[in-house]
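File shown: work_23.pdb (PDB, C-alpha atoms, pLDDT in the B column).
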ATOM      1  CA  MET A   1      18.842  -5.228 -10.923  1.00 55.00           C
ATOM      2  CA  ASN A   2      19.980  -1.728  -9.804  1.00 65.00           C
ATOM      3  CA  VAL A   3      18.839   0.331 -12.765  1.00 77.00           C
ATOM      4  CA  GLN A   4      19.263   4.047 -12.065  1.00 83.00           C
ATOM      5  CA  ILE A   5      15.886   5.791 -12.378  1.00 88.00           C
ATOM      6  CA  PRO A   6      15.857   9.588 -12.882  1.00 87.00           C
ATOM      7  CA  ASP A   7      13.600  11.483 -10.445  1.00 86.00           C
ATOM      8  CA  GLU A   8      11.454  12.833 -13.275  1.00 90.00           C
ATOM      9  CA  TYR A   9      10.818   9.372 -14.803  1.00 93.00           C
ATOM     10  CA  ARG A  10       7.218   8.141 -14.928  1.00 94.00           C
ATOM     11  CA  PRO A  11       6.202   4.845 -16.577  1.00 94.00           C
ATOM     12  CA  SER A  12       4.605   5.377 -19.957  1.00 94.00           C
ATOM     13  CA  GLU A  13       2.320   3.418 -22.267  1.00 93.00           C
ATOM     14  CA  ASP A  14       4.894   4.182 -25.012  1.00 95.00           C
ATOM     15  CA  GLU A  15       7.429   1.710 -23.609  1.00 96.00           C
ATOM     16  CA  PRO A  16       7.258  -2.074 -23.175  1.00 96.00           C
ATOM     17  CA  PHE A  17       5.048  -3.014 -20.220  1.00 97.00           C
ATOM     18  CA  MET A  18       6.949  -3.878 -17.025  1.00 96.00           C
ATOM     19  CA  ASN A  19      10.360  -3.448 -18.589  1.00 96.00           C
ATOM     20  CA  THR A  20      13.351  -3.292 -16.237  1.00 95.00           C
ATOM     21  CA  ARG A  21      12.987   0.467 -15.825  1.00 95.00           C
ATOM     22  CA  GLN A  22       9.307   0.243 -14.853  1.00 97.00           C
ATOM     23  CA  GLN A  23       9.979  -2.615 -12.459  1.00 97.00           C
ATOM     24  CA  GLU A  24      12.723  -0.639 -10.739  1.00 96.00           C
ATOM     25  CA  TYR A  25      10.512   2.470 -10.624  1.00 97.00           C
ATOM     26  CA  PHE A  26       7.760   0.560  -8.822  1.00 97.00           C
ATOM     27  CA  ARG A  27      10.275  -1.231  -6.567  1.00 97.00           C
ATOM     28  CA  GLU A  28      11.635   2.151  -5.423  1.00 96.00           C
ATOM     29  CA  LYS A  29       8.111   3.539  -4.993  1.00 96.00           C
ATOM     30  CA  LEU A  30       7.081   0.537  -2.859  1.00 98.00           C
ATOM     31  CA  LEU A  31      10.268   0.654  -0.774  1.00 97.00           C
ATOM     32  CA  ARG A  32       9.835   4.397  -0.086  1.00 96.00           C
ATOM     33  CA  TRP A  33       6.216   3.802   0.936  1.00 96.00           C
ATOM     34  CA  ARG A  34       7.245   0.920   3.208  1.00 96.00           C
ATOM     35  CA  ASN A  35       9.985   3.022   4.839  1.00 94.00           C
ATOM     36  CA  GLU A  36       7.545   5.891   5.468  1.00 92.00           C
ATOM     37  CA  ILE A  37       5.101   3.524   7.169  1.00 91.00           C
ATOM     38  CA  LEU A  38       7.852   2.016   9.331  1.00 89.00           C
ATOM     39  CA  ALA A  39       9.087   5.477  10.325  1.00 88.00           C
ATOM     40  CA  ASP A  40       5.527   6.462  11.293  1.00 82.00           C
ATOM     41  CA  ALA A  41       5.183   3.269  13.329  1.00 77.00           C
ATOM     42  CA  SER A  42       8.416   4.011  15.188  1.00 71.00           C
ATOM     43  CA  GLN A  43       7.136   7.499  15.971  1.00 72.00           C
ATOM     44  CA  THR A  44       3.855   6.052  17.242  1.00 69.00           C
ATOM     45  CA  ILE A  45       5.700   3.685  19.578  1.00 68.00           C
ATOM     46  CA  ALA A  46       7.790   6.565  20.893  1.00 66.00           C
ATOM     47  CA  ASN A  47       4.647   8.682  21.412  1.00 64.00           C
ATOM     48  CA  LEU A  48       2.818   5.879  23.213  1.00 64.00           C
ATOM     49  CA  GLN A  49       5.794   5.320  25.510  1.00 61.00           C
ATOM     50  CA  GLU A  50       5.959   9.047  26.333  1.00 62.00           C
ATOM     51  CA  GLU A  51       2.226   9.294  26.983  1.00 58.00           C
ATOM     52  CA  THR A  52       2.176   6.995  29.992  1.00 55.00           C
ATOM     53  CA  ILE A  53       1.387   9.959  32.231  1.00 59.00           C
ATOM     54  CA  LYS A  54      -1.996   9.479  33.922  1.00 64.00           C
ATOM     55  CA  GLU A  55      -4.490  12.201  33.159  1.00 63.00           C
ATOM     56  CA  PRO A  56      -6.146  13.386  36.386  1.00 71.00           C
ATOM     57  CA  ASP A  57      -9.347  14.438  34.620  1.00 73.00           C
ATOM     58  CA  ILE A  58     -11.559  11.565  33.497  1.00 74.00           C
ATOM     59  CA  ALA A  59     -12.604  13.403  30.306  1.00 75.00           C
ATOM     60  CA  ASP A  60      -8.959  14.053  29.391  1.00 71.00           C
ATOM     61  CA  ARG A  61      -8.135  10.411  30.092  1.00 70.00           C
ATOM     62  CA  ALA A  62     -11.021   9.235  27.887  1.00 75.00           C
ATOM     63  CA  SER A  63      -9.890  11.554  25.115  1.00 77.00           C
ATOM     64  CA  THR A  64      -6.302  10.277  25.363  1.00 73.00           C
ATOM     65  CA  GLU A  65      -7.464   6.643  25.316  1.00 76.00           C
ATOM     66  CA  SER A  66      -9.668   7.327  22.295  1.00 79.00           C
ATOM     67  CA  GLU A  67      -6.737   8.908  20.429  1.00 78.00           C
ATOM     68  CA  ARG A  68      -4.524   5.942  21.316  1.00 77.00           C
ATOM     69  CA  ALA A  69      -7.121   3.443  20.092  1.00 81.00           C
ATOM     70  CA  LEU A  70      -7.465   5.307  16.802  1.00 82.00           C
ATOM     71  CA  GLU A  71      -3.686   5.422  16.397  1.00 80.00           C
ATOM     72  CA  LEU A  72      -3.385   1.699  17.087  1.00 80.00           C
ATOM     73  CA  ARG A  73      -6.133   0.870  14.543  1.00 84.00           C
ATOM     74  CA  THR A  74      -4.308   3.010  11.984  1.00 82.00           C
ATOM     75  CA  ARG A  75      -1.050   1.180  12.723  1.00 80.00           C
ATOM     76  CA  ASP A  76      -2.809  -2.176  12.360  1.00 84.00           C
ATOM     77  CA  ARG A  77      -4.076  -1.178   8.890  1.00 88.00           C
ATOM     78  CA  GLN A  78      -0.562  -0.059   8.017  1.00 88.00           C
ATOM     79  CA  ARG A  79       0.872  -3.370   9.266  1.00 88.00           C
ATOM     80  CA  LYS A  80      -1.446  -5.155   6.834  1.00 93.00           C
ATOM     81  CA  LEU A  81      -0.389  -2.731   4.107  1.00 94.00           C
ATOM     82  CA  ILE A  82       3.275  -3.602   4.704  1.00 95.00           C
ATOM     83  CA  GLY A  83       2.345  -7.235   4.016  1.00 95.00           C
ATOM     84  CA  LYS A  84       0.811  -6.161   0.701  1.00 97.00           C
ATOM     85  CA  ILE A  85       3.877  -4.063  -0.135  1.00 98.00           C
ATOM     86  CA  ASP A  86       6.152  -7.021   0.622  1.00 97.00           C
ATOM     87  CA  ALA A  87       3.990  -9.258  -1.588  1.00 97.00           C
ATOM     88  CA  ALA A  88       4.209  -6.674  -4.412  1.00 98.00           C
ATOM     89  CA  LEU A  89       8.010  -6.583  -4.055  1.00 98.00           C
ATOM     90  CA  ARG A  90       8.079 -10.403  -4.315  1.00 98.00           C
ATOM     91  CA  ARG A  91       5.904 -10.194  -7.459  1.00 97.00           C
ATOM     92  CA  ILE A  92       8.449  -7.785  -8.966  1.00 98.00           C
ATOM     93  CA  ASP A  93      11.229 -10.283  -8.192  1.00 97.00           C
ATOM     94  CA  ASP A  94       9.148 -13.108  -9.693  1.00 97.00           C
ATOM     95  CA  GLY A  95       8.238 -11.124 -12.824  1.00 95.00           C
ATOM     96  CA  LEU A  96       4.521 -11.185 -11.985  1.00 96.00           C
ATOM     97  CA  TYR A  97       4.126  -7.581 -10.867  1.00 98.00           C
ATOM     98  CA  GLY A  98       1.717  -5.477 -12.880  1.00 97.00           C
ATOM     99  CA  TYR A  99      -0.316  -8.389 -14.172  1.00 98.00           C
ATOM    100  CA  CYS A 100      -3.851  -9.161 -13.010  1.00 97.00           C
ATOM    101  CA  ASP A 101      -4.086 -12.210 -10.719  1.00 96.00           C
ATOM    102  CA  GLU A 102      -7.451 -13.093 -12.241  1.00 95.00           C
ATOM    103  CA  THR A 103      -6.956 -12.526 -15.976  1.00 95.00           C
ATOM    104  CA  GLY A 104      -3.180 -12.345 -16.434  1.00 96.00           C
ATOM    105  CA  GLU A 105      -3.655  -9.113 -18.380  1.00 96.00           C
ATOM    106  CA  PRO A 106      -1.526  -6.032 -17.634  1.00 97.00           C
ATOM    107  CA  ILE A 107      -2.880  -3.718 -14.944  1.00 98.00           C
ATOM    108  CA  ALA A 108      -3.080  -0.122 -16.206  1.00 97.00           C
ATOM    109  CA  LEU A 109      -0.043   1.973 -15.292  1.00 97.00           C
ATOM    110  CA  LYS A 110      -2.334   4.695 -13.920  1.00 96.00           C
ATOM    111  CA  ARG A 111      -3.877   2.152 -11.547  1.00 97.00           C
ATOM    112  CA  LEU A 112      -0.454   0.918 -10.428  1.00 98.00           C
ATOM    113  CA  GLU A 113       0.681   4.508  -9.961  1.00 96.00           C
ATOM    114  CA  ALA A 114      -2.336   5.184  -7.711  1.00 96.00           C
ATOM    115  CA  ARG A 115      -2.329   1.781  -5.975  1.00 97.00           C
ATOM    116  CA  PRO A 116       1.091   0.128  -6.359  1.00 97.00           C
ATOM    117  CA  VAL A 117      -0.060  -2.961  -4.424  1.00 97.00           C
ATOM    118  CA  ALA A 118      -2.932  -3.656  -6.850  1.00 97.00           C
ATOM    119  CA  THR A 119      -3.227  -7.286  -7.909  1.00 97.00           C
ATOM    120  CA  LEU A 120      -6.333  -6.954 -10.067  1.00 97.00           C
ATOM    121  CA  SER A 121      -7.054  -4.884 -13.145  1.00 95.00           C
ATOM    122  CA  LEU A 122      -9.741  -2.251 -12.705  1.00 94.00           C
ATOM    123  CA  GLU A 123     -12.296  -4.437 -14.519  1.00 94.00           C
ATOM    124  CA  ALA A 124     -11.464  -7.514 -12.416  1.00 94.00           C
ATOM    125  CA  GLN A 125     -11.588  -5.417  -9.223  1.00 94.00           C
ATOM    126  CA  GLU A 126     -15.018  -4.066 -10.173  1.00 93.00           C
ATOM    127  CA  ARG A 127     -16.286  -7.626 -10.862  1.00 92.00           C
ATOM    128  CA  HIS A 128     -14.880  -8.746  -7.523  1.00 90.00           C
ATOM    129  CA  GLU A 129     -16.597  -5.861  -5.701  1.00 91.00           C
ATOM    130  CA  ARG A 130     -19.928  -6.552  -7.460  1.00 89.00           C
ATOM    131  CA  ARG A 131     -19.764 -10.240  -6.443  1.00 88.00           C
ATOM    132  CA  GLU A 132     -18.864  -9.213  -2.899  1.00 86.00           C
ATOM    133  CA  LYS A 133     -21.823  -6.844  -2.773  1.00 82.00           C
ATOM    134  CA  VAL A 134     -24.226  -9.524  -4.019  1.00 81.00           C
ATOM    135  CA  TYR A 135     -23.089 -11.957  -1.321  1.00 76.00           C
ATOM    136  CA  ARG A 136     -23.202  -9.268   1.342  1.00 69.00           C
ATOM    137  CA  ASP A 137     -26.807  -8.378   0.496  1.00 60.00           C
ATOM    138  CA  ASP A 138     -28.004 -11.975   1.075  1.00 52.00           C
TER     139      ASP A 138
END

Structure re-expressed in structure tokens:
Amino acid sequence: MNVQIPDEYRPSEDEPFMNTRQQEYFREKLLRWRNEILADASQTIANLQEETIKEPDIADRASTESERALELRTRDRQRKLIGKIDAALRRIDDGLYGYCDETGEPIALKRLEARPVATLSLEAQERHERREKVYRDD
């Protein structure tokens, strides 16, 4: 596709929904986000490899292990997010990006701007969360 998108461009309700320009805008946004996550993951691996020094104090060791566990949980969430980013990129390629999986209606540009991996419109997401809450309460 390779449409050149100016830095100041933001998708607008005044243009056709998910036109080539909007698709390329979101593709670039998703790719940047993915690259940032991968760079952070590489830094985490480097940090974990450097931090193999044994802490002599048990409290320091516990603190270090706690920080490592938190970092690894964060990386696991980000690994799952990369899967969602990749799925969004495939939806762009397939022409399905920006449309609600449940209703087929366009997802609001503001929602996509805030959550580029969104697959449900705000209304469908709220219905989904209400149903989830009802089943959780049982």

>> Here's the selection I'm unsure about, the PyMOL selection byres ((chain A and resi 74-88) around 12); applied to the file above, which residues does it give, as a PyMOL selection string?
In response: chain A and resi 23+26-45+67-73+89-99+101+112+115-120

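Atom pair atom CA of A:Glu129 / atom CA of A:Glu113 has a distance of 20.6 Å (rounded to one decimal).
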
> Within 8 Å of A:Tyr25, counting all atoms listed in the file, which residues qualify if same-chain residues fewer than 5 places away don't, as a VMD selection string?
Replying inline: chain A and resid 5 10 to 11

I need the chosen residues saved as a JSON list (two decimals), in the coordinates of the input, with C-alpha atoms.
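Now in part03.json:
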[["chain", "number", "residue", "atom", "x", "y", "z"],
["A", 5, "ILE", "CA", 15.89, 5.79, -12.38],
["A", 10, "ARG", "CA", 7.22, 8.14, -14.93],
["A", 11, "PRO", "CA", 6.20, 4.84, -16.58]]

>> One decimal, in Å: what's the spacing between atom CA of A:Ala124 and atom CA of A:Glu102?
In response: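 Answer for the atom CA of A:Ala124 to atom CA of A:Glu102 separation: 6.9 Å.
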
Find the smallest box with edges along x, y and z containing every listed atom of stretch 59-71 of chain A, then add 4 Å on each side and report centre and edge lengths in Å to one decimal, as AutoDock Vina command-line options.
--center_x -8.1 --center_y 8.7 --center_z 23.4 --size_x 16.9 --size_y 18.6 --size_z 21.9

> Which is closer to A:Glu13 than all the others in A:Ala108, A:Ser121, A:Val134, A:Glu65, using only C-alpha atoms?
Replying inline: A:Ala108

>> Report, in Å to a single decimal, how far apart atom CA of A:Arg21 and atom CA of A:Gly104 are.
In response: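 Here the two named atoms are 20.6 Å from each other.
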
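Nearest residue to A:Pro6 among A:Glu24, A:Ala114, A:Leu109, A:Gln125 is A:Glu24, counting all atoms listed in the file.
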